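Notes follow the structure.
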Amino acid sequence: MKLPDFIPFDPKELLLGYQKRWVADDSPLKIAEKSRRTGLTWAEAADDVLIAGRAKSDSGSDVFYIGSNKEMAREFIDAAAMWAENFNQAAGQIQEEIFDDEDKDILTYVIYFASGFKIKALSSNPKNLRGMQGVVCIDEAAFHEKLAEVLKAALALTMWGAKVRLISTHNGVDNLFNQLIQDSRAGRKSYSIHTITLDDACKEGLYQRICQVSKQEWSPAKEDAWKRGLLRDTSTEEDALEEYYCVPKRSSGGYIPRPLVDRAANPDKVKLAFECDSKFIDYSEMERITLVNEWLIKDVLPHLDALDKDMRHSFGCDFARKGDLSIFSVCAVQPTTARHMDITLEVRNCPYEQQKQIVFFVLKHIPRFIGAAFDATGNGGYLAESVLLRYGASMVETVQLNDKWYREWMPKYKAL
């Protein structure tokens, strides 16, 4: 059952909204990229108790927890024991067991259930999963030194219906954990992705729950101050984004490697510039229209007329008013579905009305026009709305550029 994307805080409920959605997701493979200390492992323990407490005929199974250290293992098993008591599941006391891990004996923790199944904490040695069958939870996956090998061993269990869960904050853009997320968003892998930022968690009651447990009075102002304190105390802004907002720290390179950008660049394509000086805004409306129209007819129209009439064409806009450039691109869609940016217009310090004038002129002269996408963030909303009203929603997409949009679409773009 799919739960709503937002579930308001209820002090009588044990789980918060994002925790409920995680537990309700029965996907064979799922990943949670999360802010620190959002209680997702605690929620996973609840789900695992229900799984281990069920009979085999009701899809019960063993559960194997793999943390990055012994303290995490003990914390998880303690949480599972608490949930077993709350759920009235027939379970034995936490037991300590010794198993051989290559050249040393390792102390581990296990809970046995009346169903015959168990929840057991394992070390991160991938060999420990050999011969096992059941649900595998890899906690703080991005910080496992042998994540690739552990995951390889865990995925082998899925042949017989086992499930794999990866939970972690990020640990760099090049980490396998992040690559799995990006590949899933691009459609190359089939993990179900859950994203839980600090803001997401607080909207559904994380800080309210903290106040409830610590017997403090909650207020929006107090919550804002708490969040500011967390972010202020991190070493850098990059660290804050990674620890609390699911934005992995970048390596020395960009999101798209420079060699790929250079390979895609084509100096033969048309690039035209139009810049308004400081006096332009003081001209009369007719003077502004005339100056822009002269540039469009003299410099832009010949290139629009030269576009291949057999090709379908689309249009894109990255809006700016002052300082940065507004970029208008005419894209030719090749028979192979490859995209060629045949014409790029760079416009600087140009009033809203004249940017609208430029866009409508270009769209009027594009052959086989199939649609456009506009940056509708902030001030760009005016231009995007103007084009939407003229051409309709079936032809114009207004794009809100935010973290959610980048998470959803950039992996797909990078995968092209």
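Chain identifiers are assigned as A, B, and so on, following the order in which chains appear in the structure tokens; residues are numbered from 1 within each chain, and ligands are numbered from 1 in order of appearance.
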
I want to know what sits within 12 Å of Leu325 of chain A, based on only C-alpha atoms, with residues of the same chain fewer than 4 positions away left out; could you give that as a list in words?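 Contacts, with the query itself left out: Ala273, Phe274, Glu275, Cys276, Cys317, Asp318, Phe319, Ala320, Arg321, Thr344, Leu345, Glu346, Val347, Arg348, Asn349, Cys350 and Gln355 of chain A.
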
Atoms to include: C-alpha atoms. Write the selected residues as a compact mmCIF listing (two decimals), in the first residue's frame.
```
# COMPACT_ATOMS: atom_id res chain seq x y z
CA ALA A 273 24.91 37.68 -28.08
CA PHE A 274 22.73 40.66 -27.21
CA GLU A 275 23.63 42.95 -24.31
CA CYS A 276 21.73 45.99 -23.06
CA CYS A 317 15.40 28.92 -21.64
CA ASP A 318 17.62 29.48 -18.61
CA PHE A 319 16.46 32.86 -17.33
CA ALA A 320 18.44 35.73 -15.78
CA ARG A 321 17.72 39.44 -15.49
CA THR A 344 22.21 29.62 -28.79
CA LEU A 345 21.33 33.19 -27.86
CA GLU A 346 23.11 34.83 -24.93
CA VAL A 347 21.20 37.83 -23.58
CA ARG A 348 22.49 40.08 -20.79
CA ASN A 349 20.79 42.81 -18.74
CA CYS A 350 17.69 42.68 -20.92
CA GLN A 355 13.21 38.93 -23.43
```

Those in segment 92-207 of chain A with strand (DSSP E or B) from DSSP, as a PyMOL selection string: chain A and resi 95-101+104-113+118-122+134-139+164-168+192-196

From the options A:Val213, A:His170, A:Ala393, A:Lys30, which residue's atoms come nearest to Lys189 of chain A, counting only C-alpha atoms? A:Lys30

For Pro367 of chain A, work out the shell of residues within 12 Å, counting only C-alpha atoms and skipping chain neighbours fewer than 2 positions away, then give it as a compact mmCIF listing (two decimals) with C-alpha atoms, in the first residue's frame.
```txt
# COMPACT_ATOMS: atom_id res chain seq x y z
CA HIS A 303 20.09 31.45 -38.87
CA LEU A 304 16.48 30.55 -38.06
CA ASP A 305 15.70 30.43 -41.78
CA ALA A 306 18.71 28.16 -42.30
CA LEU A 307 17.43 25.49 -39.89
CA ASP A 308 16.70 22.10 -41.46
CA LYS A 309 12.97 22.10 -42.23
CA ASP A 310 12.84 18.29 -41.99
CA MET A 311 14.03 18.26 -38.39
CA ARG A 312 11.84 18.65 -35.33
CA HIS A 313 12.94 21.53 -33.10
CA SER A 314 12.52 22.35 -29.41
CA PHE A 315 13.41 25.40 -27.36
CA VAL A 330 17.09 26.09 -30.33
CA CYS A 331 17.54 22.32 -30.34
CA ALA A 332 17.30 20.12 -33.44
CA VAL A 333 16.14 16.56 -32.72
CA VAL A 362 12.25 32.85 -32.25
CA LEU A 363 9.35 30.47 -31.55
CA LYS A 364 7.41 31.94 -34.47
CA HIS A 365 10.23 31.07 -36.89
CA PHE A 369 8.30 23.27 -33.31
CA ILE A 370 7.50 20.44 -30.86
CA GLY A 371 7.76 22.11 -27.46
```

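Candidate residues A:Ala156, A:Ala201, A:Ala121, A:Leu15 were compared for distance to Arg37 of chain A, and the nearest is A:Ala201, using only C-alpha atoms.
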
Residues near Gly39 of chain A, anyone? I mean within 10 Å using only C-alpha atoms, not counting same-chain ones fewer than 5 positions away, as a list in words. Leu15, Leu16, Tyr18, Gln19, Lys34, Glu44, Ala201 and Leu206 of chain A

Please save N, CA and C atoms of the selected residues as an mmCIF file, in the first residue's frame.
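Dumped to part-v5.cif:
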```
data_model
loop_
_atom_site.group_PDB
_atom_site.id
_atom_site.type_symbol
_atom_site.label_atom_id
_atom_site.label_comp_id
_atom_site.auth_asym_id
_atom_site.auth_seq_id
_atom_site.Cartn_x
_atom_site.Cartn_y
_atom_site.Cartn_z
ATOM 1 N N LEU A 15 5.690 5.813 14.873
ATOM 2 C CA LEU A 15 6.526 6.109 13.711
ATOM 3 C C LEU A 15 6.098 7.417 13.063
ATOM 4 N N LEU A 16 7.082 8.156 12.559
ATOM 5 C CA LEU A 16 6.815 9.369 11.795
ATOM 6 C C LEU A 16 6.493 9.002 10.349
ATOM 7 N N TYR A 18 7.785 9.574 7.308
ATOM 8 C CA TYR A 18 8.804 9.005 6.424
ATOM 9 C C TYR A 18 9.225 7.618 6.882
ATOM 10 N N GLN A 19 9.156 7.370 8.207
ATOM 11 C CA GLN A 19 9.448 6.032 8.715
ATOM 12 C C GLN A 19 8.361 5.045 8.286
ATOM 13 N N LYS A 34 19.678 9.690 3.579
ATOM 14 C CA LYS A 34 19.015 10.370 4.688
ATOM 15 C C LYS A 34 19.932 11.357 5.391
ATOM 16 N N GLU A 44 13.465 0.601 10.693
ATOM 17 C CA GLU A 44 13.827 -0.659 10.040
ATOM 18 C C GLU A 44 13.781 -1.806 11.040
ATOM 19 N N ALA A 201 12.302 15.529 7.313
ATOM 20 C CA ALA A 201 12.025 14.853 8.581
ATOM 21 C C ALA A 201 11.313 15.784 9.562
ATOM 22 N N LEU A 206 10.053 15.318 13.211
ATOM 23 C CA LEU A 206 11.259 14.825 13.880
ATOM 24 C C LEU A 206 11.565 15.623 15.146
#
```

Write out as a PyMOL selection string the residues lying within 12 Å of Trp160 of chain A, counting only C-alpha atoms and excluding same-chain residues fewer than 3 positions away. chain A and resi 28+61+131-135+154-157+163

Ser219 of chain A surroundings by only C-alpha atoms, 9 Å radius, close-in-sequence under 4 positions cut, as JSON, numbers by chain: {"A": [208, 223, 224]}

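Coordinates place atom CA of Phe117 of chain A at a distance of 28.4 Å from atom CA of Phe143 of chain A.
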